[in-house]
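What follows is the content of target_27.txt (compact mmCIF, C-alpha atoms and all ligand atoms).
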# COMPACT_ATOMS: atom_id res chain seq x y z
CA MET A 25 98.23 81.56 92.61
CA LEU A 26 98.46 84.73 90.52
CA LYS A 27 99.05 87.82 92.68
CA PRO A 28 96.36 90.53 92.26
CA SER A 29 97.35 93.55 90.19
CA LEU A 30 97.89 96.84 91.94
CA SER A 31 97.51 100.57 91.22
CA ILE A 32 99.50 102.81 93.55
CA VAL A 33 98.18 106.37 93.79
CA LEU A 34 100.52 109.12 95.01
CA PRO A 35 99.07 112.62 95.57
CA THR A 36 101.81 115.22 95.32
CA TYR A 37 102.22 118.89 95.93
CA ASN A 38 105.83 120.10 95.95
CA GLU A 39 107.30 116.67 96.62
CA LYS A 40 110.09 116.59 94.01
CA ASP A 41 112.85 115.57 96.42
CA ASN A 42 110.66 112.95 98.09
CA ILE A 43 109.26 111.38 94.91
CA LYS A 44 112.78 110.75 93.60
CA ILE A 45 113.40 108.56 96.64
CA LEU A 46 109.91 107.09 97.02
CA ILE A 47 109.32 105.77 93.50
CA PRO A 48 112.55 103.70 93.31
CA GLU A 49 111.63 102.25 96.74
CA ILE A 50 108.14 101.33 95.50
CA LYS A 51 109.59 99.78 92.36
CA LYS A 52 111.91 97.60 94.47
CA THR A 53 109.20 96.56 96.95
CA PHE A 54 106.57 95.68 94.36
CA GLU A 55 108.82 94.45 91.54
CA HIS A 56 107.31 90.95 91.63
CA ILE A 57 103.74 92.28 91.42
CA ASN A 58 101.96 93.58 88.34
CA HIS A 59 101.57 97.23 89.24
CA GLU A 60 101.23 100.78 87.96
CA ILE A 61 102.02 104.04 89.75
CA ILE A 62 99.74 107.05 89.32
CA VAL A 63 101.17 110.37 90.46
CA VAL A 64 98.48 113.03 90.86
CA ASP A 65 100.13 116.41 90.96
CA ASP A 66 98.37 119.76 91.32
CA SER A 67 100.84 121.66 89.08
CA SER A 68 103.47 121.84 91.81
CA PRO A 69 105.77 124.81 91.25
CA ASP A 70 108.82 122.75 92.26
CA GLY A 71 108.58 120.50 89.18
CA THR A 72 107.33 117.30 90.85
CA ALA A 73 105.46 116.30 87.67
CA LYS A 74 108.56 116.65 85.50
CA ALA A 75 110.65 114.66 87.96
CA SER A 76 107.97 111.92 87.90
CA GLU A 77 107.99 111.86 84.09
CA GLU A 78 111.77 111.40 84.21
CA LEU A 79 111.32 108.46 86.56
CA ASN A 80 108.81 106.99 84.12
CA LYS A 81 111.44 107.06 81.39
CA LYS A 82 113.65 104.96 83.63
CA TYR A 83 111.11 102.57 85.16
CA GLY A 84 107.96 102.66 83.00
CA ASN A 85 104.41 102.12 84.29
CA ILE A 86 104.26 105.53 85.94
CA ARG A 87 101.41 107.78 84.88
CA VAL A 88 101.49 111.44 85.84
CA ILE A 89 98.17 113.26 86.07
CA VAL A 90 98.69 116.99 86.20
CA ARG A 91 95.75 118.92 87.61
CA LYS A 92 95.35 122.62 86.85
CA LYS A 93 95.08 123.91 90.41
CA LYS A 94 95.64 122.84 93.99
CA GLU A 95 92.35 121.40 95.20
CA GLY A 96 93.33 119.29 98.17
CA ILE A 97 94.48 115.75 98.86
CA GLY A 98 90.95 114.28 98.63
CA ALA A 99 90.33 115.57 95.11
CA ALA A 100 93.78 114.36 94.02
CA ILE A 101 93.34 110.86 95.45
CA ARG A 102 89.87 110.59 93.93
CA GLU A 103 91.22 111.44 90.50
CA GLY A 104 93.99 108.87 90.94
CA TYR A 105 91.57 106.16 92.07
CA ASN A 106 89.23 106.95 89.15
CA ASN A 107 92.11 106.41 86.75
CA ALA A 108 93.32 103.15 88.29
CA ASN A 109 93.39 100.14 85.97
CA ASN A 110 94.08 97.37 88.46
CA SER A 111 91.93 95.41 90.88
CA ILE A 112 93.52 96.67 94.10
CA ILE A 113 94.14 100.38 94.60
CA LEU A 114 96.62 101.55 97.20
CA SER A 115 97.35 105.17 98.09
CA SER A 116 100.13 106.65 100.16
CA ASP A 117 101.46 110.08 101.07
CA SER A 118 104.47 110.94 98.91
CA ASP A 119 106.62 112.54 101.61
CA LEU A 120 108.24 109.31 102.88
CA SER A 121 106.22 109.42 106.11
CA PHE A 122 105.12 105.80 105.67
CA THR A 123 107.47 102.86 105.32
CA LEU A 124 107.41 100.54 102.34
CA SER A 125 107.18 97.51 104.62
CA ASP A 126 103.88 98.86 106.03
CA THR A 127 102.70 99.67 102.51
CA TYR A 128 103.37 96.09 101.50
CA ARG A 129 101.58 94.78 104.59
CA LEU A 130 98.42 96.63 103.53
CA TYR A 131 98.63 94.99 100.11
CA GLU A 132 98.87 91.60 101.83
CA LYS A 133 96.14 92.37 104.35
CA ILE A 134 93.47 93.29 101.81
CA GLN A 135 93.96 89.89 100.20
CA GLU A 136 92.72 88.27 103.42
CA GLY A 137 89.23 89.23 102.24
CA TYR A 138 88.81 92.89 103.19
CA ASP A 139 87.24 95.63 101.07
CA LEU A 140 89.17 98.49 102.67
CA VAL A 141 92.31 98.45 104.82
CA TRP A 142 93.99 101.52 106.27
CA GLY A 143 97.07 102.38 108.31
CA SER A 144 96.78 103.72 111.85
CA LYS A 145 99.23 105.99 113.63
CA TYR A 146 97.48 105.52 116.98
CA SER A 147 97.04 101.79 117.55
CA LYS A 148 98.97 99.35 119.70
CA GLY A 149 102.07 98.60 117.65
CA SER A 150 102.04 101.96 115.80
CA PHE A 151 105.03 104.29 115.95
CA TYR A 152 104.68 108.07 115.64
CA GLU A 153 107.28 110.21 117.40
CA PRO A 154 107.21 113.89 116.25
CA ALA A 155 110.57 115.66 116.29
CA THR A 156 109.41 119.22 117.08
CA TRP A 157 106.96 120.82 119.51
CA GLN A 158 104.74 121.85 116.58
CA GLY A 159 104.70 118.19 115.58
CA ARG A 160 103.73 117.17 119.09
CA VAL A 161 100.83 119.66 119.14
CA LYS A 162 99.66 118.33 115.76
CA LYS A 163 99.84 114.76 117.05
CA TRP A 164 97.89 115.62 120.21
CA VAL A 165 95.11 117.36 118.27
CA SER A 166 94.96 114.61 115.67
CA LYS A 167 95.01 111.75 118.19
CA ASN A 168 92.27 113.28 120.32
CA GLY A 169 90.26 114.31 117.27
CA ASN A 170 90.37 110.69 116.18
CA LYS A 171 89.13 109.61 119.62
CA ILE A 172 86.13 111.93 119.20
CA ILE A 173 85.46 110.43 115.77
CA ARG A 174 85.68 106.91 117.23
CA ILE A 175 83.19 107.68 120.00
CA THR A 176 80.74 109.63 117.84
CA THR A 177 80.73 107.27 114.89
CA GLY A 178 80.76 104.07 116.94
CA ILE A 179 83.43 102.69 114.60
CA LYS A 180 86.16 100.87 116.49
CA ALA A 181 89.15 102.46 114.77
CA ASN A 182 91.96 104.64 116.05
CA ASP A 183 92.93 106.63 112.97
CA PHE A 184 90.47 107.88 110.37
CA THR A 185 92.93 110.32 108.82
CA ALA A 186 95.98 108.47 107.45
CA ASN A 187 96.45 108.25 103.70
CA LEU A 188 97.95 104.79 103.63
CA ARG A 189 95.10 102.62 102.46
CA ALA A 190 94.16 99.82 100.14
CA ILE A 191 90.72 99.43 98.57
CA ARG A 192 89.23 97.09 96.00
CA LYS A 193 88.44 98.86 92.76
CA ASP A 194 84.87 97.55 92.64
CA VAL A 195 84.29 98.97 96.13
CA TRP A 196 85.74 102.32 95.16
CA LYS A 197 83.33 102.52 92.21
CA GLN A 198 80.40 102.23 94.61
CA ILE A 199 81.26 104.68 97.36
CA SER A 200 81.30 107.89 95.28
CA THR A 201 82.98 110.24 97.74
CA GLN A 202 82.53 114.01 97.58
CA ASP A 203 85.10 115.61 99.90
CA LYS A 204 88.07 117.37 98.32
CA THR A 205 90.33 117.87 101.31
CA ASN A 206 91.59 115.61 104.13
CA THR A 207 88.03 114.86 105.30
CA PHE A 208 87.82 112.56 102.28
CA LEU A 209 89.91 110.06 104.26
CA MET A 210 87.24 109.81 106.98
CA GLU A 211 84.38 109.84 104.45
CA MET A 212 85.78 106.71 102.80
CA ILE A 213 85.95 104.76 106.05
CA LEU A 214 82.50 105.82 107.28
CA LYS A 215 80.80 104.95 103.99
CA CYS A 216 82.46 101.54 103.76
CA LYS A 217 81.80 100.62 107.39
CA TYR A 218 78.21 101.90 107.57
CA GLY A 219 77.63 100.36 104.14
CA GLY A 220 78.34 96.95 105.67
CA LEU A 221 81.69 96.17 104.06
CA ARG A 222 84.67 94.34 105.56
CA VAL A 223 87.17 96.90 106.78
CA THR A 224 90.18 96.82 109.09
CA GLU A 225 92.98 98.96 110.45
CA VAL A 226 96.69 98.09 110.55
CA PRO A 227 99.17 99.77 112.95
CA VAL A 228 101.87 101.64 111.03
CA THR A 229 104.93 103.79 111.54
CA PHE A 230 104.59 107.48 110.70
CA LYS A 231 107.81 109.50 110.33
CA ALA A 232 108.22 113.26 110.19
CA ARG A 233 108.98 114.43 106.68
CA ILE A 234 112.59 115.47 105.93
CA HIS A 235 112.10 117.26 102.59
CA GLY A 236 109.46 119.89 101.87
CA GLU A 237 106.63 121.21 104.00
CA SER A 238 103.28 119.96 105.26
CA LYS A 239 100.25 121.33 103.42
CA MET A 240 97.92 120.49 106.25
CA ASN A 241 96.54 123.36 108.33
CA LEU A 242 95.15 121.72 111.45
CA GLY A 243 93.33 124.87 112.60
CA ILE A 244 91.25 124.75 109.42
CA GLU A 245 91.03 120.97 109.02
CA ALA A 246 90.08 119.93 112.57
CA PRO A 247 86.75 121.82 112.78
CA LYS A 248 85.91 120.68 109.24
CA PHE A 249 86.42 117.06 110.33
CA LEU A 250 83.98 117.43 113.18
CA ILE A 251 81.27 119.07 111.04
CA LYS A 252 81.64 116.47 108.29
CA MET A 253 81.62 113.67 110.84
CA VAL A 254 78.21 114.75 112.16
CA LYS A 255 76.92 115.05 108.59
CA TYR A 256 78.03 111.54 107.65
CA VAL A 257 76.76 109.95 110.85
CA LEU A 258 73.33 111.47 110.18
CA MET A 259 73.41 110.47 106.51
CA TYR A 260 74.70 106.92 106.79
CA ARG A 261 74.66 105.49 110.32
CA PHE A 262 71.01 104.76 111.01
CA THR A 263 69.53 105.25 107.56
CA GLY A 264 69.87 101.76 106.14
CA TYR A 265 72.74 102.80 103.84
CA LYS A 266 74.10 99.61 102.24
CA LEU A 267 76.83 98.83 99.77
CA THR A 268 76.84 95.55 97.90
CA CYS A 269 80.18 94.05 96.94
N1 LIG A 301 97.85 116.68 94.53
C1 LIG A 301 97.78 117.17 95.79
N2 LIG A 301 98.47 116.55 96.77
C2 LIG A 301 98.39 117.06 98.02
C3 LIG A 301 97.62 118.21 98.34
N3 LIG A 301 97.75 118.47 99.67
C4 LIG A 301 98.57 117.52 100.16
N4 LIG A 301 98.97 116.67 99.17
C5 LIG A 301 99.85 115.49 99.29
O1 LIG A 301 99.26 114.65 100.27
C6 LIG A 301 100.26 114.04 101.07
C7 LIG A 301 100.04 114.41 102.54
O2 LIG A 301 100.20 115.80 102.70
P1 LIG A 301 101.03 116.46 103.90
O3 LIG A 301 101.12 117.89 103.60
O4 LIG A 301 102.33 115.72 104.09
O5 LIG A 301 100.06 116.21 105.14
P2 LIG A 301 100.48 115.87 106.65
O6 LIG A 301 101.28 114.59 106.58
O7 LIG A 301 99.17 115.71 107.34
O8 LIG A 301 101.29 117.02 107.13
C8 LIG A 301 101.59 114.51 100.50
O9 LIG A 301 102.04 113.57 99.58
C9 LIG A 301 101.22 115.81 99.81
O10 LIG A 301 102.11 116.16 98.77
C10 LIG A 301 96.91 118.85 97.27
O11 LIG A 301 96.21 119.84 97.44
N5 LIG A 301 97.03 118.27 96.03
MG MG A 302 103.05 114.45 105.55
For the structure just supplied, provide its representation as structure tokens.
Amino acid sequence: MLKPSLSIVLPTYNEKDNIKILIPEIKKTFEHINHEIIVVDDSSPDGTAKASEELNKKYGNIRVIVRKKKEGIGAAIREGYNNANNSIILSSDSDLSFTLSDTYRLYEKIQEGYDLVWGSKYSKGSFYEPATWQGRVKKWVSKNGNKIIRITTGIKANDFTANLRAIRKDVWKQISTQDKTNTFLMEMILKCKYGGLRVTEVPVTFKARIHGESKMNLGIEAPKFLIKMVKYVLMYRFTGYKLTC
């Protein structure tokens, strides 16, 4: 049977050193699958876009979308998804936090008949061991924040916030997300699940980045997550919201 074609979306902000390692790894892992890579860069000062263009000269099938200003991971992923040509869209962080074997597992999993599949840092079988105390604080806040989301939304998932996910293009076209920052990741899951689609979570490994810095400010993001969560529960949970795929 012909393997489904794949668009891999990589949001980047100052990830030059990481992208040079990540793209060759993706090319190796998915070489037997018809795929394209879409790098969505918010004019990173470190030259991530230029480095990605160079990689395109070597490998081909890499499109680089350069956005004028830094608007957040949600806006970048949305632009990448909107530009995807293939039937399955997969997005990943670009800082080497996720492994390519997990990325490939998501590609396989969605072919079991799901509409949306995402990676979880907090499930049985996941691995997430922060190296620093700041990392441990971030993990604690994120893990417990996710527990609050699980209880409030009634959705039996452990991680609503990881950007390792695979979605069918026809599903993406229906959900029309609005959020620009990290809350986009939760918005996607809530809309698909409340909309009645087939969704599932896969335990994954999450490694601390080696190159570059995190752009995530938990003090700002965490309260935003909780406010948005309430908004989406009210808008979609008991209102008869339905998606048809
Ligand atoms: N294009 C774009 N990418 C972003 C933005 N913010 C974060 N990213 C990318 O999103 C991914 C996850 O961001 P990161 O800072 O590592 O978040 P953390 O893993 O939660 O610390 C990385 O590939 C970042 O380069 C943004 O504003 N624009
Ligand atoms: Mg990261």
Pick from A:Lys248, A:Lys81, A:Arg91, A:His235 nearest to ligand MG 302 (chain A), counting all atoms listed in the file =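 Smallest distance to ligand MG 302 (chain A) is found for A:His235.
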From the set A:Ser150, A:Asn107, A:Thr123, A:Asn187, which residue has the shortest atom-to-atom contact distance to ligand MG 302 (chain A), counting only C-alpha atoms and all ligand atoms?
->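 Looking only at the distances to ligand MG 302 (chain A), the closest residue turns out to be A:Asn187.
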Distance of CA of Tyr37 in chain A from CA of Ser68 in chain A, expressed in Å to one decimal place = 5.2 Å
At what distance in Å, to one decimal, does CA of Ile101 in chain A lie from atom O1 of ligand LIG 301 (chain A)?
->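 The value is 8.5 Å.
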Best match for closeness to Glu132 in chain A among A:Ser76, A:Gly243, A:Ile112, A:Asn170, counting only C-alpha atoms =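 Selected residue with least distance to Glu132 in chain A: A:Ile112.
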Quick one: range 77-165 of chain A from the block, C-alpha atoms, as a PDB file, in the first residue's frame.
ATOM      1  CA  GLU A  77      17.785  27.601   2.814  1.00  0.00           C
ATOM      2  CA  GLU A  78      21.304  26.140   2.660  1.00  0.00           C
ATOM      3  CA  LEU A  79      19.943  22.792   3.795  1.00  0.00           C
ATOM      4  CA  ASN A  80      17.324  23.006   1.056  1.00  0.00           C
ATOM      5  CA  LYS A  81      20.080  23.346  -1.529  1.00  0.00           C
ATOM      6  CA  LYS A  82      21.509  20.078  -0.263  1.00  0.00           C
ATOM      7  CA  TYR A  83      18.338  18.064   0.357  1.00  0.00           C
ATOM      8  CA  GLY A  84      15.477  19.754  -1.544  1.00  0.00           C
ATOM      9  CA  ASN A  85      11.825  19.751  -0.441  1.00  0.00           C
ATOM     10  CA  ILE A  86      12.432  22.255   2.340  1.00  0.00           C
ATOM     11  CA  ARG A  87      10.341  25.411   2.238  1.00  0.00           C
ATOM     12  CA  VAL A  88      11.278  28.319   4.458  1.00  0.00           C
ATOM     13  CA  ILE A  89       8.535  30.746   5.417  1.00  0.00           C
ATOM     14  CA  VAL A  90       9.981  33.906   6.890  1.00  0.00           C
ATOM     15  CA  ARG A  91       7.538  35.914   8.973  1.00  0.00           C
ATOM     16  CA  LYS A  92       8.159  39.603   9.626  1.00  0.00           C
ATOM     17  CA  LYS A  93       7.961  39.559  13.409  1.00  0.00           C
ATOM     18  CA  LYS A  94       7.963  37.174  16.342  1.00  0.00           C
ATOM     19  CA  GLU A  95       4.340  36.329  17.039  1.00  0.00           C
ATOM     20  CA  GLY A  96       4.530  33.114  19.008  1.00  0.00           C
ATOM     21  CA  ILE A  97       4.679  29.394  18.334  1.00  0.00           C
ATOM     22  CA  GLY A  98       0.918  29.094  17.673  1.00  0.00           C
ATOM     23  CA  ALA A  99       0.908  31.673  14.890  1.00  0.00           C
ATOM     24  CA  ALA A 100       3.999  30.058  13.338  1.00  0.00           C
ATOM     25  CA  ILE A 101       2.577  26.533  13.415  1.00  0.00           C
ATOM     26  CA  ARG A 102      -0.729  27.754  11.994  1.00  0.00           C
ATOM     27  CA  GLU A 103       1.048  29.375   9.064  1.00  0.00           C
ATOM     28  CA  GLY A 104       3.029  26.183   8.473  1.00  0.00           C
ATOM     29  CA  TYR A 105      -0.087  23.995   8.599  1.00  0.00           C
ATOM     30  CA  ASN A 106      -1.922  26.363   6.233  1.00  0.00           C
ATOM     31  CA  ASN A 107       0.892  25.976   3.724  1.00  0.00           C
ATOM     32  CA  ALA A 108       1.104  22.185   3.945  1.00  0.00           C
ATOM     33  CA  ASN A 109       0.573  20.300   0.685  1.00  0.00           C
ATOM     34  CA  ASN A 110       0.351  16.746   1.988  1.00  0.00           C
ATOM     35  CA  SER A 111      -2.406  14.690   3.584  1.00  0.00           C
ATOM     36  CA  ILE A 112      -0.781  14.252   6.992  1.00  0.00           C
ATOM     37  CA  ILE A 113       0.726  17.239   8.794  1.00  0.00           C
ATOM     38  CA  LEU A 114       3.226  16.700  11.573  1.00  0.00           C
ATOM     39  CA  SER A 115       4.796  19.427  13.696  1.00  0.00           C
ATOM     40  CA  SER A 116       7.702  19.284  16.099  1.00  0.00           C
ATOM     41  CA  ASP A 117       9.795  21.678  18.156  1.00  0.00           C
ATOM     42  CA  SER A 118      13.070  22.422  16.377  1.00  0.00           C
ATOM     43  CA  ASP A 119      15.358  22.326  19.414  1.00  0.00           C
ATOM     44  CA  LEU A 120      16.006  18.547  19.385  1.00  0.00           C
ATOM     45  CA  SER A 121      13.846  18.032  22.481  1.00  0.00           C
ATOM     46  CA  PHE A 122      11.894  15.233  20.790  1.00  0.00           C
ATOM     47  CA  THR A 123      13.431  12.101  19.332  1.00  0.00           C
ATOM     48  CA  LEU A 124      12.992  11.101  15.719  1.00  0.00           C
ATOM     49  CA  SER A 125      11.828   7.636  16.745  1.00  0.00           C
ATOM     50  CA  ASP A 126       8.893   9.221  18.635  1.00  0.00           C
ATOM     51  CA  THR A 127       8.220  11.515  15.682  1.00  0.00           C
ATOM     52  CA  TYR A 128       8.029   8.487  13.421  1.00  0.00           C
ATOM     53  CA  ARG A 129       5.735   6.685  15.877  1.00  0.00           C
ATOM     54  CA  LEU A 130       3.246   9.554  15.632  1.00  0.00           C
ATOM     55  CA  TYR A 131       3.271   9.255  11.858  1.00  0.00           C
ATOM     56  CA  GLU A 132       2.511   5.542  12.213  1.00  0.00           C
ATOM     57  CA  LYS A 133      -0.107   6.052  14.910  1.00  0.00           C
ATOM     58  CA  ILE A 134      -2.259   8.489  12.947  1.00  0.00           C
ATOM     59  CA  GLN A 135      -2.534   5.888  10.210  1.00  0.00           C
ATOM     60  CA  GLU A 136      -4.383   3.614  12.644  1.00  0.00           C
ATOM     61  CA  GLY A 137      -7.421   5.822  11.990  1.00  0.00           C
ATOM     62  CA  TYR A 138      -6.950   8.872  14.209  1.00  0.00           C
ATOM     63  CA  ASP A 139      -7.607  12.494  13.276  1.00  0.00           C
ATOM     64  CA  LEU A 140      -5.137  13.983  15.750  1.00  0.00           C
ATOM     65  CA  VAL A 141      -2.273  12.341  17.659  1.00  0.00           C
ATOM     66  CA  TRP A 142       0.023  14.134  20.077  1.00  0.00           C
ATOM     67  CA  GLY A 143       3.059  13.360  22.217  1.00  0.00           C
ATOM     68  CA  SER A 144       2.866  13.375  26.004  1.00  0.00           C
ATOM     69  CA  LYS A 145       5.685  14.127  28.425  1.00  0.00           C
ATOM     70  CA  TYR A 146       3.633  12.973  31.420  1.00  0.00           C
ATOM     71  CA  SER A 147       2.209   9.543  30.607  1.00  0.00           C
ATOM     72  CA  LYS A 148       3.284   6.079  31.676  1.00  0.00           C
ATOM     73  CA  GLY A 149       6.230   5.320  29.408  1.00  0.00           C
ATOM     74  CA  SER A 150       7.202   8.999  28.906  1.00  0.00           C
ATOM     75  CA  PHE A 151      10.671  10.240  29.817  1.00  0.00           C
ATOM     76  CA  TYR A 152      11.325  13.829  30.907  1.00  0.00           C
ATOM     77  CA  GLU A 153      14.247  14.426  33.258  1.00  0.00           C
ATOM     78  CA  PRO A 154      15.207  18.149  33.529  1.00  0.00           C
ATOM     79  CA  ALA A 155      18.898  18.837  34.120  1.00  0.00           C
ATOM     80  CA  THR A 156      18.628  22.046  36.175  1.00  0.00           C
ATOM     81  CA  TRP A 157      16.502  23.268  39.082  1.00  0.00           C
ATOM     82  CA  GLN A 158      14.837  25.818  36.789  1.00  0.00           C
ATOM     83  CA  GLY A 159      13.939  22.912  34.529  1.00  0.00           C
ATOM     84  CA  ARG A 160      12.482  20.996  37.455  1.00  0.00           C
ATOM     85  CA  VAL A 161      10.319  23.982  38.479  1.00  0.00           C
ATOM     86  CA  LYS A 162       9.102  24.306  34.881  1.00  0.00           C
ATOM     87  CA  LYS A 163       8.267  20.600  34.773  1.00  0.00           C
ATOM     88  CA  TRP A 164       6.378  20.761  38.089  1.00  0.00           C
ATOM     89  CA  VAL A 165       4.282  23.747  36.980  1.00  0.00           C
TER      90      VAL A 165
END
